[in-house]
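Dropping input28.pdb in here (PDB, C-alpha atoms):
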```
ATOM      1  CA  MET A 784      22.471   4.374  -7.302  1.00  0.00           C
ATOM      2  CA  PRO A 785      22.147   1.833  -4.450  1.00  0.00           C
ATOM      3  CA  ARG A 786      23.914   2.966  -1.266  1.00  0.00           C
ATOM      4  CA  VAL A 787      24.805   1.611   2.138  1.00  0.00           C
ATOM      5  CA  VAL A 788      21.945   2.757   4.381  1.00  0.00           C
ATOM      6  CA  TYR A 789      22.240   0.602   7.498  1.00  0.00           C
ATOM      7  CA  PHE A 790      24.578  -1.681   9.413  1.00  0.00           C
ATOM      8  CA  ASN A 791      23.943  -4.717  11.563  1.00  0.00           C
ATOM      9  CA  MET A 792      26.286  -5.644  14.418  1.00  0.00           C
ATOM     10  CA  THR A 793      26.215  -8.746  16.595  1.00  0.00           C
ATOM     11  CA  ALA A 794      27.159  -9.441  20.198  1.00  0.00           C
ATOM     12  CA  ASP A 795      27.128 -12.354  22.615  1.00  0.00           C
ATOM     13  CA  ASP A 796      26.117 -10.003  25.446  1.00  0.00           C
ATOM     14  CA  ILE A 797      23.595  -7.490  24.073  1.00  0.00           C
ATOM     15  CA  GLU A 798      23.404  -5.453  27.281  1.00  0.00           C
ATOM     16  CA  LYS A 799      27.200  -5.112  27.433  1.00  0.00           C
ATOM     17  CA  ALA A 800      27.336  -3.972  23.781  1.00  0.00           C
ATOM     18  CA  ILE A 801      24.549  -1.432  24.353  1.00  0.00           C
ATOM     19  CA  ARG A 802      26.420  -0.018  27.365  1.00  0.00           C
ATOM     20  CA  PHE A 803      29.683   0.123  25.416  1.00  0.00           C
ATOM     21  CA  TYR A 804      28.337   1.965  22.355  1.00  0.00           C
ATOM     22  CA  GLY A 805      26.169   4.205  24.518  1.00  0.00           C
ATOM     23  CA  ASP A 806      29.013   5.158  26.873  1.00  0.00           C
ATOM     24  CA  VAL A 807      31.698   5.534  24.214  1.00  0.00           C
ATOM     25  CA  PHE A 808      29.758   7.101  21.333  1.00  0.00           C
ATOM     26  CA  GLY A 809      26.473   8.251  22.869  1.00  0.00           C
ATOM     27  CA  TRP A 810      24.414   5.916  20.683  1.00  0.00           C
ATOM     28  CA  THR A 811      20.914   5.025  21.844  1.00  0.00           C
ATOM     29  CA  PHE A 812      19.141   1.699  21.392  1.00  0.00           C
ATOM     30  CA  GLU A 813      15.471   0.757  21.142  1.00  0.00           C
ATOM     31  CA  LYS A 814      13.962  -2.741  21.048  1.00  0.00           C
ATOM     32  CA  PHE A 815      12.614  -3.519  17.563  1.00  0.00           C
ATOM     33  CA  GLY A 816       8.966  -4.283  16.934  1.00  0.00           C
ATOM     34  CA  ASP A 817       6.753  -6.007  19.470  1.00  0.00           C
ATOM     35  CA  GLY A 818       9.701  -7.355  21.471  1.00  0.00           C
ATOM     36  CA  SER A 819       9.406 -10.919  20.158  1.00  0.00           C
ATOM     37  CA  MET A 820      12.757 -10.601  18.361  1.00  0.00           C
ATOM     38  CA  ASP A 821      16.020 -10.123  20.250  1.00  0.00           C
ATOM     39  CA  TYR A 822      16.951  -7.150  18.037  1.00  0.00           C
ATOM     40  CA  TRP A 823      17.760  -3.556  18.917  1.00  0.00           C
ATOM     41  CA  LEU A 824      17.734  -0.488  16.636  1.00  0.00           C
ATOM     42  CA  ALA A 825      20.828   1.703  17.048  1.00  0.00           C
ATOM     43  CA  LYS A 826      20.513   5.477  16.648  1.00  0.00           C
ATOM     44  CA  THR A 827      24.004   6.817  15.944  1.00  0.00           C
ATOM     45  CA  GLY A 828      23.276  10.529  15.643  1.00  0.00           C
ATOM     46  CA  ASP A 829      21.111  13.315  14.314  1.00  0.00           C
ATOM     47  CA  ASP A 830      19.374  12.308  11.072  1.00  0.00           C
ATOM     48  CA  LYS A 831      20.289  15.723   9.604  1.00  0.00           C
ATOM     49  CA  GLU A 832      24.007  14.863   9.829  1.00  0.00           C
ATOM     50  CA  PRO A 833      25.902  12.460   7.512  1.00  0.00           C
ATOM     51  CA  GLY A 834      25.935   8.870   8.721  1.00  0.00           C
ATOM     52  CA  ILE A 835      23.738   5.820   9.092  1.00  0.00           C
ATOM     53  CA  ASN A 836      21.880   4.068  11.868  1.00  0.00           C
ATOM     54  CA  GLY A 837      21.958   0.352  12.445  1.00  0.00           C
ATOM     55  CA  GLY A 838      20.981  -2.562  14.590  1.00  0.00           C
ATOM     56  CA  LEU A 839      22.306  -5.010  17.128  1.00  0.00           C
ATOM     57  CA  ALA A 840      21.479  -8.733  17.187  1.00  0.00           C
ATOM     58  CA  ARG A 841      22.658 -11.712  19.199  1.00  0.00           C
ATOM     59  CA  LYS A 842      25.539 -13.608  17.551  1.00  0.00           C
ATOM     60  CA  ASN A 843      24.691 -16.928  15.958  1.00  0.00           C
ATOM     61  CA  PRO A 844      26.470 -19.236  13.483  1.00  0.00           C
ATOM     62  CA  PHE A 845      24.906 -17.380  10.531  1.00  0.00           C
ATOM     63  CA  ASN A 846      25.288 -13.842  11.893  1.00  0.00           C
ATOM     64  CA  ASP A 847      28.657 -13.054  13.467  1.00  0.00           C
ATOM     65  CA  GLY A 848      30.176  -9.605  12.977  1.00  0.00           C
ATOM     66  CA  THR A 849      29.151  -6.397  11.279  1.00  0.00           C
ATOM     67  CA  VAL A 850      27.364  -6.375   7.925  1.00  0.00           C
ATOM     68  CA  ASN A 851      26.362  -3.364   5.825  1.00  0.00           C
ATOM     69  CA  THR A 852      22.915  -3.139   4.222  1.00  0.00           C
ATOM     70  CA  ILE A 853      22.490  -1.655   0.742  1.00  0.00           C
ATOM     71  CA  SER A 854      19.160  -0.121  -0.312  1.00  0.00           C
ATOM     72  CA  VAL A 855      17.948  -1.357  -3.709  1.00  0.00           C
ATOM     73  CA  PRO A 856      14.782  -0.607  -5.692  1.00  0.00           C
ATOM     74  CA  SER A 857      14.074  -4.318  -6.294  1.00  0.00           C
ATOM     75  CA  ILE A 858      15.306  -7.289  -4.244  1.00  0.00           C
ATOM     76  CA  GLU A 859      14.561  -9.689  -7.102  1.00  0.00           C
ATOM     77  CA  GLU A 860      16.427  -7.631  -9.714  1.00  0.00           C
ATOM     78  CA  TYR A 861      19.490  -7.035  -7.556  1.00  0.00           C
ATOM     79  CA  ALA A 862      19.611 -10.606  -6.231  1.00  0.00           C
ATOM     80  CA  ARG A 863      19.794 -11.689  -9.872  1.00  0.00           C
ATOM     81  CA  LYS A 864      22.581  -9.139 -10.525  1.00  0.00           C
ATOM     82  CA  VAL A 865      24.504 -10.375  -7.479  1.00  0.00           C
ATOM     83  CA  VAL A 866      24.358 -13.991  -8.706  1.00  0.00           C
ATOM     84  CA  GLU A 867      25.216 -12.995 -12.292  1.00  0.00           C
ATOM     85  CA  GLY A 868      28.224 -11.102 -10.897  1.00  0.00           C
ATOM     86  CA  GLY A 869      29.521 -14.232  -9.165  1.00  0.00           C
ATOM     87  CA  GLY A 870      28.038 -13.648  -5.711  1.00  0.00           C
ATOM     88  CA  LYS A 871      25.274 -15.310  -3.725  1.00  0.00           C
ATOM     89  CA  ALA A 872      21.890 -13.994  -2.595  1.00  0.00           C
ATOM     90  CA  SER A 873      19.111 -15.423  -0.460  1.00  0.00           C
ATOM     91  CA  GLN A 874      15.454 -15.115  -1.399  1.00  0.00           C
ATOM     92  CA  GLY A 875      13.885 -11.811  -0.388  1.00  0.00           C
ATOM     93  CA  MET A 876      12.300 -12.084   3.070  1.00  0.00           C
ATOM     94  CA  PRO A 877       9.600  -9.673   4.232  1.00  0.00           C
ATOM     95  CA  ILE A 878      10.119  -7.533   7.326  1.00  0.00           C
ATOM     96  CA  LYS A 879       6.630  -6.424   8.319  1.00  0.00           C
ATOM     97  CA  GLY A 880       6.129  -2.703   7.752  1.00  0.00           C
ATOM     98  CA  VAL A 881       9.728  -2.198   6.570  1.00  0.00           C
ATOM     99  CA  GLY A 882      10.390  -3.998   3.294  1.00  0.00           C
ATOM    100  CA  TYR A 883      12.103  -7.013   1.760  1.00  0.00           C
ATOM    101  CA  PHE A 884      15.514  -8.185   2.883  1.00  0.00           C
ATOM    102  CA  ALA A 885      18.175 -10.536   1.468  1.00  0.00           C
ATOM    103  CA  HIS A 886      21.495 -11.864   2.803  1.00  0.00           C
ATOM    104  CA  CYS A 887      24.230 -11.804   0.161  1.00  0.00           C
ATOM    105  CA  SER A 888      27.925 -12.247  -0.509  1.00  0.00           C
ATOM    106  CA  ASP A 889      30.076 -10.796  -3.260  1.00  0.00           C
ATOM    107  CA  ALA A 890      32.354 -12.725  -5.627  1.00  0.00           C
ATOM    108  CA  GLU A 891      35.070 -12.758  -2.912  1.00  0.00           C
ATOM    109  CA  GLY A 892      32.755 -14.083  -0.182  1.00  0.00           C
ATOM    110  CA  ASN A 893      32.319 -10.748   1.644  1.00  0.00           C
ATOM    111  CA  MET A 894      28.933 -10.612   3.334  1.00  0.00           C
ATOM    112  CA  PHE A 895      26.404  -7.793   2.849  1.00  0.00           C
ATOM    113  CA  ASP A 896      22.653  -7.419   2.999  1.00  0.00           C
ATOM    114  CA  MET A 897      20.172  -5.717   0.687  1.00  0.00           C
ATOM    115  CA  ILE A 898      16.845  -4.105   1.485  1.00  0.00           C
ATOM    116  CA  GLN A 899      13.969  -2.953  -0.677  1.00  0.00           C
ATOM    117  CA  PHE A 900      11.978  -0.532   1.441  1.00  0.00           C
ATOM    118  CA  ASP A 901       8.230  -1.175   1.219  1.00  0.00           C
ATOM    119  CA  LYS A 902       5.938  -0.396   4.168  1.00  0.00           C
ATOM    120  CA  ASN A 903       3.386  -2.870   2.701  1.00  0.00           C
ATOM    121  CA  ALA A 904       5.701  -5.862   3.246  1.00  0.00           C
TER     122      ALA A 904
END
```
Let's see the structure in the file written out as structure tokens.
Amino acid sequence: MPRVVYFNMTADDIEKAIRFYGDVFGWTFEKFGDGSMDYWLAKTGDDKEPGINGGLARKNPFNDGTVNTISVPSIEEYARKVVEGGGKASQGMPIKGVGYFAHCSDAEGNMFDMIQFDKNA
């Protein structure tokens, strides 16, 4: 069964957000990839404990707030299911070495993302 496996938060001031979540919750952040993207991975705790990790990106008109990411076995299959269910789904986009990713919304307009993990992406 597909589950929420990740979250993505946004901030106008990345450094301020990193300080806040680090000071308040003890989360740690690491720059993603080769540094060409302004994106930070958030480690929220011990992987042996319940919970999920996430990421932090700069706010923009298309990415403003917190969005959950659901792991699916096939982006194409679940994008079709989302649309058939009355929602919207973008085309699957590769994230090098991670998998395929799609922005979506449900039938009520609530935003979520999907990911198909595939290290060959």
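Taken over the shown file, the PyMOL selection byres ((chain A and resi 862) around 10) identifies Val855, Ser857, Ile858, Glu859, Glu860, Tyr861, Arg863, Lys864, Val865, Val866, Glu867, Gly868, Gly870, Lys871, Ala872, Ser873, Gln874, Gly875, Ala885, His886, Cys887 and Met897 of chain A.
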Near region 790-805 of chain A, 8 Å: region 846-898 of chain A residue rows, closest pairs, all atoms listed in the file, as a tab-separated table:
```
residue	atom	partner	partner_atom	distance
A:Asn846	CA	A:Thr793	CA	7.0
A:Asp847	CA	A:Thr793	CA	5.9
A:Gly848	CA	A:Thr793	CA	5.4
A:Thr849	CA	A:Met792	CA	4.3
A:Val850	CA	A:Asn791	CA	5.3
A:Asn851	CA	A:Phe790	CA	4.3
A:Thr852	CA	A:Phe790	CA	5.6
```
Build an axis-aligned box that encloses every atom of region 847-866 of chain A listed in the file, pad it by 4 Å on each side, and report its centre and edge lengths in Å to one decimal, as lines of an AutoDock Vina configuration file.
```
center_x = 22.1
center_y = -7.1
center_z = 1.5
size_x = 24.1
size_y = 21.9
size_z = 32.0
```
Q. So which residues fall inside 10 Å of (12.5, -6.5, 4.4) if we count only C-alpha atoms? Mind giving them as a list in words?
A. Ile858, Gly875, Met876, Pro877, Ile878, Lys879, Gly880, Val881, Gly882, Tyr883, Phe884, Ala885, Met897, Ile898, Gln899, Phe900, Asp901, Lys902, Asn903 and Ala904 of chain A
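Between CA of Lys842 (chain A) and CA of Asn893 (chain A) the separation is 17.5 Å.
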Would you list the residues near (25.7, 5.6, -2.7) (no more than 12 Å away, in the coordinates of the file, using all atoms listed in the file) as an mmCIF file with C-alpha atoms, in the coordinates of the input?
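Final output, point_14.cif:
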```
data_model
loop_
_atom_site.group_PDB
_atom_site.id
_atom_site.type_symbol
_atom_site.label_atom_id
_atom_site.label_comp_id
_atom_site.auth_asym_id
_atom_site.auth_seq_id
_atom_site.Cartn_x
_atom_site.Cartn_y
_atom_site.Cartn_z
ATOM 1 C CA MET A 784 22.471 4.374 -7.302
ATOM 2 C CA PRO A 785 22.147 1.833 -4.450
ATOM 3 C CA ARG A 786 23.914 2.966 -1.266
ATOM 4 C CA VAL A 787 24.805 1.611 2.138
ATOM 5 C CA VAL A 788 21.945 2.757 4.381
ATOM 6 C CA TYR A 789 22.240 0.602 7.498
ATOM 7 C CA GLY A 834 25.935 8.870 8.721
ATOM 8 C CA ILE A 835 23.738 5.820 9.092
ATOM 9 C CA THR A 852 22.915 -3.139 4.222
ATOM 10 C CA ILE A 853 22.490 -1.655 0.742
ATOM 11 C CA SER A 854 19.160 -0.121 -0.312
ATOM 12 C CA VAL A 855 17.948 -1.357 -3.709
#
```
Q | Residue with smallest distance to Trp810 (chain A) - pool A:Pro833, A:Gly892, A:Gly828, A:Gly869, counting only C-alpha atoms | A | A:Gly828
(Q) I'd like the contact shell of region 820-825 of chain A - 6 Å cut-off, all atoms listed in the file, skipping same-chain residues fewer than 3 positions apart - returned as a VMD selection string. (A) chain A and resid 811 to 815 836 to 840
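Note that the spacing between CA of Asp889 (chain A) and CA of Lys826 (chain A) amounts to 27.4 Å.
Between CA of Phe845 (chain A) and CA of Ser888 (chain A) the separation is 12.5 Å.
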Since the input has fewer atoms than a full residue there, write region 822-833 of chain A out with N, CA and C atoms, as a CSV table (one decimal), in the coordinates of the input.
```csv
chain,number,residue,atom,x,y,z
A,822,TYR,N,16.3,-8.1,19.0
A,822,TYR,CA,17.0,-7.2,18.0
A,822,TYR,C,16.7,-5.7,18.5
A,823,TRP,N,17.8,-4.9,18.4
A,823,TRP,CA,17.8,-3.6,18.9
A,823,TRP,C,18.2,-2.6,17.8
A,824,LEU,N,17.4,-1.5,17.6
A,824,LEU,CA,17.7,-0.5,16.6
A,824,LEU,C,18.7,0.5,17.3
A,825,ALA,N,19.8,0.8,16.5
A,825,ALA,CA,20.8,1.7,17.0
A,825,ALA,C,20.7,3.1,16.4
A,826,LYS,N,20.5,4.1,17.2
A,826,LYS,CA,20.5,5.5,16.6
A,826,LYS,C,21.9,6.1,16.9
A,827,THR,N,22.6,6.4,15.8
A,827,THR,CA,24.0,6.8,15.9
A,827,THR,C,24.2,8.3,15.9
A,828,GLY,N,23.1,9.1,15.7
A,828,GLY,CA,23.3,10.5,15.6
A,828,GLY,C,22.1,11.2,15.1
A,829,ASP,N,22.2,12.5,14.9
A,829,ASP,CA,21.1,13.3,14.3
A,829,ASP,C,20.9,13.0,12.8
A,830,ASP,N,19.7,12.7,12.5
A,830,ASP,CA,19.4,12.3,11.1
A,830,ASP,C,19.7,13.4,10.1
A,831,LYS,N,19.9,14.6,10.5
A,831,LYS,CA,20.3,15.7,9.6
A,831,LYS,C,21.8,15.7,9.3
A,832,GLU,N,22.6,14.9,10.0
A,832,GLU,CA,24.0,14.9,9.8
A,832,GLU,C,24.3,13.6,9.0
A,833,PRO,N,25.5,13.7,8.3
A,833,PRO,CA,25.9,12.5,7.5
A,833,PRO,C,26.1,11.3,8.4
```
